[in-house]
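Quick notes on the structure that follows.
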Amino acid sequence: MTDCRFTREQRLLNAADFQRVFDKTKLKVSTRELLILGAANDLGHSRIGFIIAKKNIRTAVHRNRIKRIIRNFFRVHCSEFDTADLIIMARRGLDQRSNSEINRMFSDLWYKLVRQSSSR
RNA sequence: AGAGUUGGCCAGGCAGUCGCUGGUCGUAUUCGCGAGAAUACGGCGGGAGGAAAGUCCGGGCUCCAUAGGGUAGAGUGCCAGGUAACGCCUGGGGGGCGAAAGCCUACGGAAAGUGCCGCAGAAAAUAUACCGCCAGCUUGCUGGUAAGGGUGAAAAGGUGCGGUAAGAGCGCACCGCGCGGGUGGUAACACACCGUGGCAGGGUAAACCCCACUCGGAGCAAGACCAAAUAGGAAUCCAUUUGUGCGACCCGCGCAGGAUUCGGGUAGGUUGCUUGAGGCGUAUGGUGACGUACGGCCUAGAUGAAUGACUGUCCACGACAGAACCCGGCUUAUCGGCCAGCUCUCUUU
């Protein structure tokens, strides 16, 4: 999985997928403005889903921007990780951060997650 | 050149790397007798806005019943036109602001009825008389007044002359107002036009209300199709006393009954889904909104939701902000830049 693509199979698509992650959360890393939940799957690849509440991130432009940046990071780095389903949750204040700040923040969380996963 | 004002246009550019999405072409694999379909990979070109926003109006489209009559309710409110329609737009009229260009205007009815109107003031609408003024006499009372003063946002027209005890539309002239007519205008309305009446009776209708006109309801999570689970119904035809259900309510309409037939439809998927009251150009009618004719154009269609990220570079250093069925408006947010018309001021020739 060294090619850097991002297809429909790599996304959490329905409510049942999301619920499964919430019920079987094994991985959890966070900062003040971001939270990642993870649960192992047996599909042979990772999947990602977003929960970005309108209450926390008020304008659609910022919600789109956050999703695009994180999705792009996931696309490039997904091969570094075991197969799992991840949910990215945005908290209040994230829309105040610039693109590079979000990239750095997510990168820190990502490697924390990789360590947590491999130590298991 | 500066100040103002109105209308229109643009919304960082370029290059590279890595992606996403739908279209099309090609190749491969699978399915199919076949037309073709699905999946994967590759090539090519497409991929947010002026407000995509708020959801405040209007319409298309879909379903409810074929959307019909009445009541209730809601909306609109100077006139004429435009439009699919509108609460929008255009032109005109009245009123207000400005030196002007121009801007603002919820602008029907207070003589159908009801309600409300603080303080001050004698009195806020049936009128009335605090200080005055005048007359009379018993010198502080009676009568006559509303010119003057005072209160107030507002005191039952204004100015002048006559008149009178003092005054007063009491009389007259002009201004204002009402009514009737005339003229101009499709009309709202206007008039330094004519006649007539001494003269309307406060404000508030974005208070109830009255008058005129308009409006059936719900929305793409509408609706249609495929279909695990689960439950026993569903569709068509016939009948319509009674029972029951339905939209804000009524008139009204549907369902239950009998017969025939067999599928039904939650998760999920497919569709609706972008060619449309579309945009561009030319000609033409119109003051204009806009209409008509001809030519050629196709310009996002996602669905846990694409349209991006990173790097370099240039400059004016980039605001507000992301389509979700589709259009027409309105409103609100917005870094800046460009173009055109008009008004005023200054300088120069």
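Lettering and numbering for the structure tokens are positional, with chains as A, B, ... in the shown order, residues counted from 1 in each chain, and ligands counted from 1 in the shown order.
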>> Taking only C-alpha atoms (C1' of nucleotides) into account and nothing else, which residues of chain B lie no more than 9 Å away from chain A? Please answer as a list in words.
In response: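 Every residue meeting the condition is included here: C18, G19, C20, G304, G308, A309, A321 and G322 of chain B.
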> Could you pull out all residues of chain A with a DSSP call of strand (DSSP E or B) and give them as a ChimeraX atom specification?
Replying inline: /A:11,27-30,34-40,47-51,84-90
Output C-alpha atoms of each residue in that selection to a file, as a PDB file, in the first residue's frame.
ATOM      1  CA  ARG A  11     -13.990   6.074   4.176  1.00  0.00           C
ATOM      2  CA  LEU A  27      -7.056   3.919  20.408  1.00  0.00           C
ATOM      3  CA  LYS A  28      -7.569   7.469  21.584  1.00  0.00           C
ATOM      4  CA  VAL A  29      -5.339  10.520  21.208  1.00  0.00           C
ATOM      5  CA  SER A  30      -6.283  14.163  21.477  1.00  0.00           C
ATOM      6  CA  LEU A  34      -8.666  17.598  17.892  1.00  0.00           C
ATOM      7  CA  LEU A  35      -9.687  14.087  18.968  1.00  0.00           C
ATOM      8  CA  ILE A  36      -8.969  10.792  17.202  1.00  0.00           C
ATOM      9  CA  LEU A  37     -10.751   7.547  18.035  1.00  0.00           C
ATOM     10  CA  GLY A  38      -9.684   4.245  16.527  1.00  0.00           C
ATOM     11  CA  ALA A  39     -10.837   0.621  16.361  1.00  0.00           C
ATOM     12  CA  ALA A  40      -9.143  -2.281  14.552  1.00  0.00           C
ATOM     13  CA  ARG A  47     -10.696   3.753   6.931  1.00  0.00           C
ATOM     14  CA  ILE A  48     -11.341   7.311   8.072  1.00  0.00           C
ATOM     15  CA  GLY A  49     -14.431   9.324   8.980  1.00  0.00           C
ATOM     16  CA  PHE A  50     -15.053  12.858  10.183  1.00  0.00           C
ATOM     17  CA  ILE A  51     -17.341  14.334  12.775  1.00  0.00           C
ATOM     18  CA  ALA A  84      -8.048   0.353  11.673  1.00  0.00           C
ATOM     19  CA  ASP A  85     -11.102   2.561  11.442  1.00  0.00           C
ATOM     20  CA  LEU A  86     -10.480   6.105  12.627  1.00  0.00           C
ATOM     21  CA  ILE A  87     -12.877   8.898  13.540  1.00  0.00           C
ATOM     22  CA  ILE A  88     -11.565  12.451  13.539  1.00  0.00           C
ATOM     23  CA  MET A  89     -13.500  14.881  15.730  1.00  0.00           C
ATOM     24  CA  ALA A  90     -12.992  18.609  15.581  1.00  0.00           C
TER      25      ALA A  90
END
>> Give me, as a VMD selection string, the residues of stretch 10-105 of chain A that a backbone DSSP run labels helix (DSSP H, G or I).
In response: chain A and resid 10 15 to 23 60 to 80 94 to 96 99 to 105
For stretch 335-340 of chain B, list every protein, DNA or RNA residue within 8 Å, evaluated using only C-alpha atoms (C1' of nucleotides), and leave out those in the same chain fewer than 3 positions away; present the list as an mmCIF file with N, CA and C atoms (P, O5', C5', C4', C3', O3' and C1' of nucleotides), in the first residue's frame.
data_model
loop_
_atom_site.group_PDB
_atom_site.id
_atom_site.type_symbol
_atom_site.label_atom_id
_atom_site.label_comp_id
_atom_site.auth_asym_id
_atom_site.auth_seq_id
_atom_site.Cartn_x
_atom_site.Cartn_y
_atom_site.Cartn_z
ATOM 1 P P G B 8 -26.263 47.707 -11.418
ATOM 2 O "O5'" G B 8 -24.987 47.386 -12.324
ATOM 3 C "C5'" G B 8 -25.149 47.010 -13.689
ATOM 4 C "C4'" G B 8 -23.826 47.012 -14.422
ATOM 5 C "C3'" G B 8 -22.827 45.951 -13.990
ATOM 6 O "O3'" G B 8 -23.125 44.671 -14.493
ATOM 7 C "C1'" G B 8 -21.728 48.024 -14.306
ATOM 8 P P C B 9 -22.653 43.325 -13.679
ATOM 9 O "O5'" C B 9 -21.068 43.302 -13.895
ATOM 10 C "C5'" C B 9 -20.538 43.035 -15.195
ATOM 11 C "C4'" C B 9 -19.043 43.229 -15.204
ATOM 12 C "C3'" C B 9 -18.247 42.329 -14.269
ATOM 13 O "O3'" C B 9 -18.086 41.024 -14.779
ATOM 14 C "C1'" C B 9 -17.430 44.549 -14.130
ATOM 15 P P C B 10 -17.921 39.762 -13.776
ATOM 16 O "O5'" C B 10 -16.472 39.955 -13.139
ATOM 17 C "C5'" C B 10 -15.313 39.755 -13.949
ATOM 18 C "C4'" C B 10 -14.063 40.122 -13.191
ATOM 19 C "C3'" C B 10 -13.777 39.303 -11.948
ATOM 20 O "O3'" C B 10 -13.186 38.060 -12.271
ATOM 21 C "C1'" C B 10 -13.367 41.595 -11.517
ATOM 22 P P G B 318 -3.036 39.723 2.666
ATOM 23 O "O5'" G B 318 -4.436 39.298 2.011
ATOM 24 C "C5'" G B 318 -5.316 40.259 1.457
ATOM 25 C "C4'" G B 318 -6.183 39.638 0.367
ATOM 26 C "C3'" G B 318 -6.538 38.179 0.602
ATOM 27 O "O3'" G B 318 -7.786 38.063 1.256
ATOM 28 C "C1'" G B 318 -5.513 38.410 -1.515
ATOM 29 P P A B 319 -8.013 37.105 2.516
ATOM 30 O "O5'" A B 319 -9.308 37.762 3.178
ATOM 31 C "C5'" A B 319 -9.199 38.995 3.904
ATOM 32 C "C4'" A B 319 -10.496 39.757 3.852
ATOM 33 C "C3'" A B 319 -11.746 38.910 4.086
ATOM 34 O "O3'" A B 319 -12.007 38.826 5.482
ATOM 35 C "C1'" A B 319 -12.037 40.211 2.140
#
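Pairwise distance (atom CA of A:Lys55, atom CA of A:Leu94) equals 11.9 Å.
Picture a line from atom C1' of B:C175 to atom C1' of B:C189; it runs 22.4 Å.
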> atom C1' of B:C170 and atom C1' of B:A135, how far apart in Å?
Replying inline: 19.6 Å
